[in-house]
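One file, start.cif, is given below (mmCIF, C-alpha atoms).
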data_upload
#
loop_
_atom_site.label_atom_id
_atom_site.label_comp_id
_atom_site.auth_asym_id
_atom_site.auth_seq_id
_atom_site.Cartn_x
_atom_site.Cartn_y
_atom_site.Cartn_z
CA MET T 101 308.35 -59.83 -63.99
CA LYS T 102 306.95 -61.98 -61.22
CA ARG T 103 310.35 -63.67 -60.86
CA LEU T 104 312.25 -60.36 -60.64
CA SER T 105 310.02 -58.97 -57.91
CA ALA T 106 310.37 -62.15 -55.89
CA VAL T 107 314.15 -62.19 -56.23
CA ALA T 108 314.31 -58.69 -54.81
CA LEU T 109 313.16 -60.11 -51.50
CA PHE T 110 316.28 -62.19 -51.05
CA VAL T 111 319.30 -61.04 -49.08
CA LEU T 112 322.89 -62.28 -49.33
CA CYS T 113 324.82 -62.49 -46.04
CA VAL T 114 328.59 -62.87 -46.18
CA SER T 115 330.65 -63.62 -43.10
CA THR T 116 334.33 -64.24 -42.51
CA ALA T 117 335.83 -67.46 -41.24
CA ALA T 118 334.23 -68.63 -38.01
CA ALA T 119 337.69 -68.92 -36.43
CA GLN T 120 337.91 -65.13 -36.32
CA GLU T 121 335.16 -64.68 -33.75
CA PRO T 122 336.25 -64.23 -30.12
CA ASP T 123 336.23 -67.44 -28.11
CA PRO T 124 333.61 -67.07 -25.35
CA ALA T 125 335.71 -68.92 -22.77
CA PRO T 126 339.44 -69.27 -23.50
CA ASP T 127 341.48 -71.20 -20.96
CA LYS T 128 344.00 -68.36 -20.86
CA GLU T 129 343.30 -64.74 -21.73
CA ALA T 130 345.55 -62.73 -24.04
CA GLU T 131 348.59 -61.23 -22.28
CA TRP T 132 350.59 -58.09 -22.99
CA LEU T 133 353.97 -58.30 -24.69
CA ARG T 134 354.23 -54.59 -25.37
CA ARG T 135 352.07 -51.88 -23.78
CA PRO T 136 351.99 -48.26 -24.97
CA SER T 137 354.91 -46.25 -23.61
CA PRO T 138 354.78 -42.53 -22.67
CA ALA T 139 356.59 -41.81 -25.94
CA ASP T 140 353.96 -43.77 -27.88
CA LEU T 141 351.20 -41.75 -26.23
CA MET T 142 352.90 -38.44 -26.93
CA ALA T 143 353.43 -39.37 -30.58
CA VAL T 144 349.66 -39.56 -31.15
CA TYR T 145 348.54 -36.93 -28.63
CA PRO T 146 345.76 -34.83 -30.23
CA THR T 147 347.33 -31.54 -31.31
CA ALA T 148 344.55 -29.24 -30.14
CA ALA T 149 344.47 -30.85 -26.68
CA LEU T 150 348.25 -30.71 -26.39
CA GLU T 151 348.36 -27.03 -27.34
CA ARG T 152 345.77 -26.27 -24.64
CA GLY T 153 347.47 -28.43 -22.02
CA LEU T 154 344.50 -30.78 -21.74
CA GLY T 155 344.72 -34.40 -20.62
CA GLY T 156 342.18 -37.03 -21.48
CA LYS T 157 341.12 -40.67 -21.35
CA ALA T 158 339.81 -43.22 -23.79
CA ILE T 159 338.59 -46.80 -23.59
CA ILE T 160 338.88 -48.94 -26.69
CA GLY T 161 337.69 -52.48 -27.34
CA CYS T 162 339.63 -54.79 -29.68
CA LYS T 163 339.87 -58.38 -30.79
CA VAL T 164 343.22 -60.13 -30.46
CA SER T 165 344.28 -62.20 -33.46
CA LEU T 166 345.83 -65.65 -33.48
CA GLN T 167 349.19 -63.90 -33.87
CA GLY T 168 348.62 -61.45 -31.01
CA ALA T 169 347.76 -58.38 -33.10
CA LEU T 170 344.85 -56.06 -32.26
CA PHE T 171 342.08 -55.64 -34.84
CA ASP T 172 338.44 -54.59 -35.12
CA CYS T 173 339.16 -51.88 -32.55
CA GLU T 174 336.52 -49.31 -31.63
CA VAL T 175 336.22 -46.40 -29.25
CA LEU T 176 333.97 -47.33 -26.32
CA ALA T 177 334.33 -44.08 -24.38
CA GLU T 178 336.43 -40.92 -24.33
CA GLU T 179 336.79 -37.93 -22.05
CA PRO T 180 336.56 -35.06 -22.78
CA GLN T 181 334.39 -35.55 -25.82
CA GLY T 182 335.40 -34.08 -29.16
CA MET T 183 339.11 -33.64 -28.46
CA GLY T 184 340.29 -36.68 -30.44
CA PHE T 185 341.53 -38.89 -27.61
CA GLY T 186 339.53 -41.88 -28.90
CA GLN T 187 341.03 -41.66 -32.38
CA ALA T 188 344.48 -41.14 -30.86
CA ALA T 189 344.07 -44.37 -28.88
CA LEU T 190 343.07 -46.24 -32.04
CA ALA T 191 346.19 -44.95 -33.79
CA LEU T 192 348.28 -46.76 -31.16
CA THR T 193 346.92 -50.23 -31.84
CA PRO T 194 349.28 -51.28 -34.69
CA GLN T 195 352.21 -50.69 -32.31
CA LEU T 196 350.96 -52.97 -29.54
CA GLN T 197 351.61 -56.69 -29.23
CA MET T 198 350.07 -59.44 -27.14
CA LYS T 199 350.28 -63.16 -26.58
CA PRO T 200 347.07 -64.61 -28.06
CA ALA T 201 344.41 -66.19 -25.89
CA LEU T 202 344.68 -69.95 -25.57
CA ARG T 203 342.19 -72.78 -25.50
CA ASP T 204 343.43 -76.33 -25.00
CA GLY T 205 346.92 -74.96 -25.56
CA GLN T 206 346.10 -73.55 -29.01
CA PRO T 207 345.78 -69.84 -29.98
CA VAL T 208 342.23 -68.58 -30.37
CA ILE T 209 340.74 -65.20 -31.16
CA GLY T 210 340.40 -63.18 -27.96
CA SER T 211 339.01 -59.84 -26.93
CA LEU T 212 340.38 -56.89 -25.00
CA ARG T 213 339.02 -53.80 -23.28
CA MET T 214 341.82 -51.27 -22.82
CA PRO T 215 341.73 -47.91 -20.96
CA ILE T 216 344.34 -45.37 -22.10
CA GLU T 217 345.14 -42.17 -20.25
CA PHE T 218 346.77 -39.17 -21.87
CA LYS T 219 348.45 -36.98 -19.25
CA ALA T 220 349.09 -33.36 -20.12
CA GLY T 221 352.78 -32.59 -19.65
CA GLY T 222 355.11 -29.78 -20.62
CA PRO T 223 354.69 -27.38 -23.53
CA PRO T 224 354.27 -28.97 -26.95
CA THR T 225 357.35 -29.02 -29.12
CA GLY T 226 358.43 -29.97 -32.63
CA SER T 227 357.55 -33.54 -33.52
CA PHE T 228 354.96 -33.78 -30.74
CA LEU T 229 352.69 -31.54 -32.79
CA ARG T 230 352.87 -33.81 -35.83
CA ASN T 231 350.32 -36.32 -34.74
CA ALA T 232 346.67 -35.80 -35.66
CA ALA T 233 345.13 -38.44 -37.92
CA ILE T 234 343.72 -37.75 -41.38
CA GLY T 235 340.01 -37.18 -41.00
CA SER T 236 340.30 -35.53 -37.56
CA PRO T 237 339.59 -31.82 -37.07
CA PHE T 238 343.19 -31.24 -36.01
CA ARG T 239 346.45 -30.75 -37.87
CA ARG T 240 346.84 -33.59 -40.35
CA SER T 241 350.33 -35.00 -40.11
CA PHE T 242 350.01 -38.62 -38.92
CA ILE T 243 347.83 -41.37 -40.39
CA GLY T 244 347.49 -43.98 -37.68
CA GLN T 245 345.24 -46.46 -39.53
CA PRO T 246 346.06 -46.18 -43.23
CA ILE T 247 344.11 -47.78 -46.06
CA TRP T 248 346.36 -49.19 -48.75
CA SER T 249 345.65 -49.40 -52.47
CA ALA T 250 348.78 -51.54 -52.96
CA ALA T 251 350.71 -53.77 -50.58
CA PRO T 252 353.08 -56.76 -50.64
CA THR T 253 351.70 -60.01 -52.00
CA TYR T 254 351.61 -63.21 -49.99
CA ASP T 255 354.67 -64.58 -51.78
CA GLU T 256 356.61 -61.33 -51.27
CA ALA T 257 355.92 -61.42 -47.53
CA VAL T 258 356.96 -65.08 -47.27
CA ALA T 259 360.13 -64.38 -49.27
CA VAL T 260 361.49 -62.00 -46.61
CA TYR T 261 360.64 -64.24 -43.63
CA PRO T 262 363.87 -64.14 -41.55
CA GLU T 263 365.88 -67.30 -42.23
CA ARG T 264 366.77 -68.12 -38.64
CA ALA T 265 363.18 -67.58 -37.50
CA ALA T 266 361.93 -69.79 -40.33
CA GLU T 267 364.34 -72.60 -39.40
CA LYS T 268 363.12 -72.54 -35.79
CA ARG T 269 359.48 -71.95 -36.74
CA VAL T 270 359.39 -68.76 -34.69
CA GLY T 271 356.68 -66.21 -35.41
CA GLY T 272 356.96 -62.47 -34.86
CA SER T 273 355.87 -59.03 -35.92
CA ALA T 274 357.12 -55.50 -36.42
CA THR T 275 355.53 -52.07 -36.78
CA ILE T 276 357.27 -49.62 -39.09
CA LYS T 277 356.84 -45.84 -39.28
CA CYS T 278 357.48 -44.05 -42.58
CA GLU T 279 357.15 -40.70 -44.27
CA LEU T 280 354.75 -40.42 -47.20
CA THR T 281 355.83 -39.17 -50.60
CA GLU T 282 353.67 -36.94 -52.79
CA GLU T 283 352.90 -40.07 -54.86
CA ARG T 284 351.57 -41.81 -51.68
CA GLY T 285 354.55 -44.15 -51.42
CA LEU T 286 356.78 -44.61 -48.35
CA ARG T 287 360.29 -43.39 -47.52
CA ARG T 288 362.58 -42.89 -44.51
CA CYS T 289 361.19 -45.85 -42.63
CA THR T 290 362.17 -46.65 -39.04
CA THR T 291 361.15 -49.33 -36.54
CA ILE T 292 358.55 -48.53 -33.89
CA SER T 293 358.26 -51.98 -32.35
CA GLU T 294 359.51 -55.53 -32.91
CA SER T 295 358.63 -58.78 -31.17
CA PRO T 296 360.51 -60.94 -30.44
CA ARG T 297 363.84 -59.22 -30.90
CA GLY T 298 366.93 -60.87 -32.31
CA TYR T 299 365.38 -62.63 -35.31
CA GLY T 300 365.36 -59.78 -37.83
CA PHE T 301 361.61 -59.27 -38.08
CA ALA T 302 361.90 -55.46 -38.18
CA LYS T 303 364.57 -55.54 -40.88
CA ALA T 304 362.44 -57.92 -42.94
CA ALA T 305 359.37 -55.72 -42.51
CA ARG T 306 361.25 -52.61 -43.63
CA THR T 307 362.29 -54.29 -46.88
CA LEU T 308 358.61 -54.41 -47.83
CA SER T 309 358.10 -50.64 -47.54
CA ASP T 310 358.40 -49.97 -51.28
CA ARG T 311 355.44 -52.27 -51.93
CA PHE T 312 352.94 -50.14 -49.99
CA LEU T 313 350.91 -47.37 -51.60
CA LEU T 314 348.41 -45.29 -49.64
CA ALA T 315 344.88 -45.18 -51.02
CA PRO T 316 343.98 -41.80 -52.56
CA VAL T 317 343.02 -39.09 -50.08
CA ALA T 318 341.19 -35.80 -50.51
CA GLU T 319 342.91 -33.54 -53.03
CA GLU T 320 343.34 -30.72 -50.54
CA VAL T 321 345.44 -32.87 -48.19
CA ASP T 322 349.16 -32.16 -48.52
CA LEU T 323 351.06 -35.40 -47.89
CA GLU T 324 354.47 -33.77 -47.68
CA GLY T 325 355.98 -34.65 -44.28
CA VAL T 326 352.97 -36.75 -43.23
CA GLU T 327 353.92 -39.93 -41.39
CA THR T 328 352.11 -43.24 -41.25
CA GLN T 329 352.74 -46.80 -40.08
CA TYR T 330 352.28 -50.37 -41.17
CA ARG T 331 352.44 -53.65 -39.31
CA VAL T 332 353.80 -56.95 -40.62
CA VAL T 333 353.04 -60.27 -38.95
CA PHE T 334 355.21 -63.30 -39.68
CA ASP T 335 353.34 -66.50 -38.86
CA PRO T 336 355.11 -69.87 -39.21
CA ALA T 337 351.97 -71.20 -40.88
CA MET T 338 352.86 -68.96 -43.84
CA LEU T 339 355.87 -71.20 -44.52
CA ASP T 340 353.61 -74.12 -45.43
CA PRO T 341 352.88 -73.86 -49.19
CA ALA T 342 349.63 -75.74 -48.68
CA ARG T 343 348.32 -73.06 -46.32
CA ARG T 344 347.55 -69.51 -47.37
CA ILE T 345 346.42 -67.78 -44.18
CA VAL T 346 345.17 -64.23 -44.60
CA GLY T 347 343.84 -63.59 -41.11
CA ARG T 348 340.52 -61.83 -40.90
CA PRO T 349 339.35 -60.71 -44.36
CA ASP T 350 338.28 -57.08 -44.63
CA TRP T 351 335.67 -56.84 -47.39
CA ARG T 352 335.92 -53.59 -49.36
CA SER T 353 333.02 -54.38 -51.67
CA LEU T 354 330.24 -56.97 -51.83
CA PRO T 355 327.50 -57.81 -54.33
CA SER T 356 324.53 -55.47 -54.39
CA PRO T 357 320.97 -56.74 -53.86
CA GLY T 358 320.49 -56.44 -57.62
CA ASP T 359 323.55 -58.59 -58.28
CA VAL T 360 322.28 -61.22 -55.86
CA GLY T 361 318.80 -61.19 -57.36
CA GLY T 362 320.16 -61.61 -60.87
CA ALA T 363 322.19 -64.66 -59.81
CA TYR T 364 319.47 -66.37 -57.75
CA PRO T 365 318.81 -69.84 -59.23
CA ALA T 366 315.58 -69.90 -61.23
CA LYS T 367 314.75 -73.45 -60.14
CA ALA T 368 314.99 -72.48 -56.46
CA LEU T 369 312.82 -69.46 -57.02
CA ASP T 370 310.18 -71.38 -58.97
CA GLU T 371 309.98 -74.02 -56.24
CA GLY T 372 309.80 -71.49 -53.43
CA VAL T 373 313.17 -72.23 -51.83
CA SER T 374 313.57 -69.26 -49.50
CA GLY T 375 317.12 -69.77 -48.26
CA ALA T 376 320.43 -71.50 -48.79
CA ARG T 377 323.96 -71.71 -47.45
CA VAL T 378 327.09 -71.84 -49.58
CA SER T 379 330.74 -71.97 -48.57
CA MET T 380 333.33 -70.86 -51.14
CA ASP T 381 337.11 -70.92 -51.14
CA CYS T 382 338.71 -68.27 -53.37
CA LEU T 383 342.14 -67.00 -54.33
CA VAL T 384 342.72 -63.31 -53.63
CA GLY T 385 344.14 -61.69 -56.77
CA ALA T 386 345.49 -58.28 -57.70
CA GLY T 387 343.79 -55.37 -55.98
CA GLY T 388 341.97 -57.72 -53.61
CA GLN T 389 339.67 -59.19 -56.27
CA VAL T 390 338.65 -62.80 -55.65
CA GLU T 391 339.15 -65.42 -58.34
CA ASP T 392 339.55 -69.18 -58.85
CA CYS T 393 336.60 -69.82 -56.51
CA ARG T 394 335.71 -73.37 -55.49
CA VAL T 395 332.41 -74.38 -53.91
CA LEU T 396 333.08 -76.29 -50.71
CA SER T 397 329.47 -76.93 -49.76
CA GLU T 398 325.92 -75.87 -50.60
CA THR T 399 322.66 -76.53 -48.79
CA PRO T 400 320.17 -77.42 -50.17
CA ALA T 401 321.97 -79.15 -53.02
CA GLY T 402 320.67 -79.54 -56.53
CA TYR T 403 319.35 -76.01 -57.05
CA GLY T 404 322.49 -74.33 -58.37
CA PHE T 405 323.27 -72.11 -55.39
CA GLY T 406 326.97 -72.96 -55.60
CA GLU T 407 327.27 -71.84 -59.22
CA ALA T 408 325.16 -68.77 -58.43
CA ALA T 409 327.64 -67.84 -55.68
CA ARG T 410 330.57 -68.33 -58.04
CA ALA T 411 328.92 -66.01 -60.54
CA LEU T 412 329.00 -63.28 -57.88
CA ALA T 413 332.79 -63.57 -57.39
CA PRO T 414 333.67 -60.50 -59.55
CA HIS T 415 331.66 -58.34 -57.11
CA PHE T 416 333.78 -59.30 -54.08
CA ARG T 417 336.93 -57.36 -53.17
CA LEU T 418 339.11 -57.49 -50.06
CA SER T 419 341.62 -55.08 -48.60
CA VAL T 420 345.13 -55.76 -49.91
CA TRP T 421 346.55 -55.84 -46.37
CA THR T 422 344.73 -56.89 -43.21
CA GLU T 423 344.45 -54.84 -40.06
CA GLU T 424 346.41 -57.54 -38.22
CA GLY T 425 349.37 -57.11 -40.59
CA LEU T 426 348.98 -60.01 -43.02
CA PRO T 427 348.97 -59.99 -46.84
CA THR T 428 345.87 -61.03 -48.75
CA MET T 429 346.90 -61.02 -52.43
CA GLY T 430 348.00 -64.54 -53.27
CA GLY T 431 346.29 -65.99 -50.21
CA ARG T 432 343.04 -67.91 -50.10
CA VAL T 433 339.90 -66.97 -48.23
CA THR T 434 336.87 -69.03 -47.23
CA SER T 435 333.57 -67.18 -47.37
CA PRO T 436 330.40 -68.65 -45.86
CA MET T 437 327.38 -67.12 -47.64
CA ARG T 438 323.74 -67.29 -46.73
CA TYR T 439 320.74 -66.49 -48.91
CA GLU T 440 317.63 -65.74 -46.93
CA ALA T 441 314.27 -64.06 -47.30
CA PRO T 442 313.30 -61.42 -44.75
CA SER T 443 310.47 -62.20 -42.37
CA PRO T 444 307.07 -60.94 -43.50
CA PRO T 445 305.85 -57.79 -41.76
CA ALA T 446 303.78 -58.29 -38.63
CA ALA T 447 300.02 -58.04 -39.06
CA PRO T 448 298.54 -54.73 -37.86
#
The structure in this file should be written as structure tokens.
Amino acid sequence: MKRLSAVALFVLCVSTAAAQEPDPAPDKEAEWLRRPSPADLMAVYPTAALERGLGGKAIIGCKVSLQGALFDCEVLAEEPQGMGFGQAALALTPQLQMKPALRDGQPVIGSLRMPIEFKAGGPPTGSFLRNAAIGSPFRRSFIGQPIWSAAPTYDEAVAVYPERAAEKRVGGSATIKCELTEERGLRRCTTISESPRGYGFAKAARTLSDRFLLAPVAEEVDLEGVETQYRVVFDPAMLDPARRIVGRPDWRSLPSPGDVGGAYPAKALDEGVSGARVSMDCLVGAGGQVEDCRVLSETPAGYGFGEAARALAPHFRLSVWTEEGLPTMGGRVTSPMRYEAPSPPAAP
């Protein structure tokens, strides 16, 4: 019993690869390849605001991936409040493309602060009203940031890499808009954006549409006629069989404190070891579950922290498709983990 109560004090911290944090001082900031057009803005214009003829503004902050995609975006400000302009701005992000920030001539993770203005125009018509995101208080007919329960695997994405682009080691991306079926699949897909043009990235991305399946939504939501979008990034590094890049992992589930306590090495606990660091490399399997985990390092050694971390693997699950537009299933992910005990409470 003494051991169990002590274990409960320990916390497991899991972080993603260090390379995914914004570089504090890149030599060259990220640059725009494709900004939002007036048509893009109108396609996500909040329905209630459009019906009332209201304009608005939003400021969003994002990270820029090594491939120039926006991810980890958040609403920093919006005006007027409560009209959905912030969420509308977020729905635009999969359609936008940038050149990544550079340091010493190599791409690094960058950051971006982007103001977006929605100008009220003429009377709303037809397709312009089909734009509010699921979860907003407005008409639900466009899902700008979908969560997928199924998506293409790493090998499936590599298999459709355009041949000419692969030969020249050219990277690219495309954003595809589709209609949802009642079974949460995709149909009637069209291209929203493609960069660079002329290599077939959009065509390749559209061939993957039948592999996506939207995660279940509330039963009362009618998906008939609802549109959504997905982004596919083609990185030349994907063509190297020895590399399995998955971008920034998005953890859907992690071990609970009870799971961590149950796997804490007894020897470390008995000897009062209050913290440890472990780095694991794992294969991402079906549904985003991690498997085939290998311990890369553990500090301090000799207490069994590496094996304890491996025992927690069934409790980890990633998204099946990253926000940047990269597959995860079939890729490998490195997870730095840290066990630590919280600081004792301050004396009164």
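Taking atom CA of Ile160 of chain T and atom CA of Pro427 of chain T as endpoints, the distance between them is 25.1 Å.
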Practice task
Show me as a PyMOL selection string the residues that reach within 8 Å of (349.2, -48.7, -55.7), counting all atoms listed in the file and using the file's own coordinates.
Solution key: chain T and resi 248-251+312-315
Exercise for the section: Work out how far apart atom CA of Ala257 of chain T and atom CA of Thr281 of chain T are and give it in Å to one decimal. Expected result: 22.5 Å
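Each of T:Ala125, T:Ala259, T:Ala177, T:Ala220 was compared to Met142 of chain T using all atoms listed in the file, and T:Ala220 turns out to be the nearest.
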Practice task
Counting all atoms listed in the file, note down every residue that has an atom within 12 Å of the point (349.2, -61.8, -24.1) (file coordinates), as an MDAnalysis selection string.
Solution key: chainID T and resid 128:135 163:170 196:202 207:212
Handout entry: Target residues per the PyMOL selection byres ((chain T and resi 284) around 12), formatted as a ChimeraX atom specification
Key = /T:243,246-250,278-283,285-287,309-317,321-328
Exercise for the section: Would you translate the PyMOL selection byres ((chain T and resi 137) around 12) into the concrete set of residues it matches in this file, as number ranges by chain? Expected result: T: 134-136, 138-144, 192, 195-196, 216-218, 292-293
Practice task
Decode the PyMOL selection byres ((chain T and resi 377) around 10) for the given file into explicit residues and return them as number ranges by chain.
Solution key: T: 112-113, 375-376, 378-379, 397-401, 405-406, 409, 436-440
Quick one: everything within 7 Å of Tyr299 of chain T, counting all atoms listed in the file, minus sequence neighbours fewer than 2 positions away in the same chain. Send it as a CSV table (one decimal) with C-alpha atoms, in the coordinates of the input.
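For reference, result_30.csv as written:
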chain,number,residue,atom,x,y,z
T,262,PRO,CA,363.9,-64.1,-41.6
T,264,ARG,CA,366.8,-68.1,-38.6
T,265,ALA,CA,363.2,-67.6,-37.5
T,297,ARG,CA,363.8,-59.2,-30.9
T,301,PHE,CA,361.6,-59.3,-38.1
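Reported to one decimal place, the separation of atom CA of Phe185 of chain T from atom CA of Ala148 of chain T is 10.4 Å.
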Exercise for the section: Go through T:Tyr403, T:Trp351, T:Tyr254, T:Phe242 one by one, measure the shortest atom-to-atom distance of each to Gly385 of chain T using all atoms listed in the file, and give the residue with the smallest value. Expected result: T:Tyr254
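Each of T:Glu424, T:Ala342, T:Ser435, T:Gly362 was compared to Cys382 of chain T using all atoms listed in the file, and T:Ser435 turns out to be the nearest.
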Problem - Counting only C-alpha atoms, the option among T:Glu263, T:Asp204, T:Glu391, T:Glu179 closest to Lys303 of chain T - result: T:Glu263
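Of the listed residues (T:Val373, T:Gln206, T:Thr147, T:Gly156), T:Thr147 comes nearest to Ser241 of chain T; the distances count only C-alpha atoms.
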Exercise for the section: Using all atoms listed in the file, determine which residues lie at most 8 Å from Thr291 of chain T, disregarding the query and same-chain residues fewer than 3 positions distant; provide the list as a list in words. Expected result: Ala274, Thr275, Ile276, Lys277, Glu294, Ala302 and Arg306 of chain T
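Among the candidate residues T:Gly361, T:Phe416, T:Ala366, T:Ile345, the one lying nearest to Val433 of chain T is T:Ile345, with distances computed using all atoms listed in the file.
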Around segment 133-146 of chain T, fit a box with edges along x, y and z, padding it by 6 Å on each side, then list its centre and edge lengths in Å to one decimal as JSON.
{"center_x": 351.2, "center_y": -46.6, "center_z": -26.9, "size_x": 22.8, "size_y": 35.5, "size_z": 20.5}
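All residues of protein, DNA or RNA that reach within 6 Å of Met380 of chain T, judged by all atoms listed in the file and not counting those fewer than 5 positions away in the chain, are Arg394, Val395, Leu396, Thr434 and Ser435 of chain T.
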Reconstructed segment 284-299 of chain T, atom set N, CA and C atoms, as a PDB file, keeping the file's coordinate frame:
ATOM      1  N   ARG T 284     352.206 -40.933 -52.655  1.00  0.00           N
ATOM      2  CA  ARG T 284     351.570 -41.810 -51.680  1.00  0.00           C
ATOM      3  C   ARG T 284     352.380 -43.066 -51.379  1.00  0.00           C
ATOM      4  N   GLY T 285     353.656 -43.063 -51.790  1.00  0.00           N
ATOM      5  CA  GLY T 285     354.550 -44.150 -51.420  1.00  0.00           C
ATOM      6  C   GLY T 285     355.200 -43.861 -50.072  1.00  0.00           C
ATOM      7  N   LEU T 286     356.134 -44.729 -49.656  1.00  0.00           N
ATOM      8  CA  LEU T 286     356.780 -44.610 -48.350  1.00  0.00           C
ATOM      9  C   LEU T 286     358.284 -44.378 -48.499  1.00  0.00           C
ATOM     10  N   ARG T 287     358.840 -43.623 -47.546  1.00  0.00           N
ATOM     11  CA  ARG T 287     360.290 -43.390 -47.520  1.00  0.00           C
ATOM     12  C   ARG T 287     360.713 -43.141 -46.070  1.00  0.00           C
ATOM     13  N   ARG T 288     362.020 -43.185 -45.841  1.00  0.00           N
ATOM     14  CA  ARG T 288     362.580 -42.890 -44.510  1.00  0.00           C
ATOM     15  C   ARG T 288     361.886 -43.690 -43.409  1.00  0.00           C
ATOM     16  N   CYS T 289     361.905 -44.981 -43.565  1.00  0.00           N
ATOM     17  CA  CYS T 289     361.190 -45.850 -42.630  1.00  0.00           C
ATOM     18  C   CYS T 289     362.070 -46.240 -41.440  1.00  0.00           C
ATOM     19  N   THR T 290     361.484 -46.254 -40.264  1.00  0.00           N
ATOM     20  CA  THR T 290     362.170 -46.650 -39.040  1.00  0.00           C
ATOM     21  C   THR T 290     361.275 -47.617 -38.267  1.00  0.00           C
ATOM     22  N   THR T 291     361.885 -48.340 -37.333  1.00  0.00           N
ATOM     23  CA  THR T 291     361.150 -49.330 -36.540  1.00  0.00           C
ATOM     24  C   THR T 291     360.516 -48.686 -35.324  1.00  0.00           C
ATOM     25  N   ILE T 292     359.232 -48.946 -35.112  1.00  0.00           N
ATOM     26  CA  ILE T 292     358.550 -48.530 -33.890  1.00  0.00           C
ATOM     27  C   ILE T 292     358.604 -49.643 -32.860  1.00  0.00           C
ATOM     28  N   SER T 293     358.266 -50.848 -33.285  1.00  0.00           N
ATOM     29  CA  SER T 293     358.260 -51.980 -32.350  1.00  0.00           C
ATOM     30  C   SER T 293     358.602 -53.262 -33.095  1.00  0.00           C
ATOM     31  N   GLU T 294     359.136 -54.233 -32.350  1.00  0.00           N
ATOM     32  CA  GLU T 294     359.510 -55.530 -32.910  1.00  0.00           C
ATOM     33  C   GLU T 294     359.378 -56.575 -31.805  1.00  0.00           C
ATOM     34  N   SER T 295     358.788 -57.727 -32.164  1.00  0.00           N
ATOM     35  CA  SER T 295     358.630 -58.780 -31.170  1.00  0.00           C
ATOM     36  C   SER T 295     358.591 -60.141 -31.872  1.00  0.00           C
ATOM     37  N   PRO T 296     359.421 -61.112 -31.398  1.00  0.00           N
ATOM     38  CA  PRO T 296     360.510 -60.940 -30.440  1.00  0.00           C
ATOM     39  C   PRO T 296     361.726 -60.334 -31.137  1.00  0.00           C
ATOM     40  N   ARG T 297     362.623 -59.804 -30.351  1.00  0.00           N
ATOM     41  CA  ARG T 297     363.840 -59.220 -30.900  1.00  0.00           C
ATOM     42  C   ARG T 297     364.873 -60.313 -31.192  1.00  0.00           C
ATOM     43  N   GLY T 298     365.812 -59.968 -32.057  1.00  0.00           N
ATOM     44  CA  GLY T 298     366.930 -60.870 -32.310  1.00  0.00           C
ATOM     45  C   GLY T 298     366.757 -61.811 -33.481  1.00  0.00           C
ATOM     46  N   TYR T 299     365.609 -61.754 -34.162  1.00  0.00           N
ATOM     47  CA  TYR T 299     365.380 -62.630 -35.310  1.00  0.00           C
ATOM     48  C   TYR T 299     365.342 -61.876 -36.638  1.00  0.00           C
TER      49      TYR T 299
END
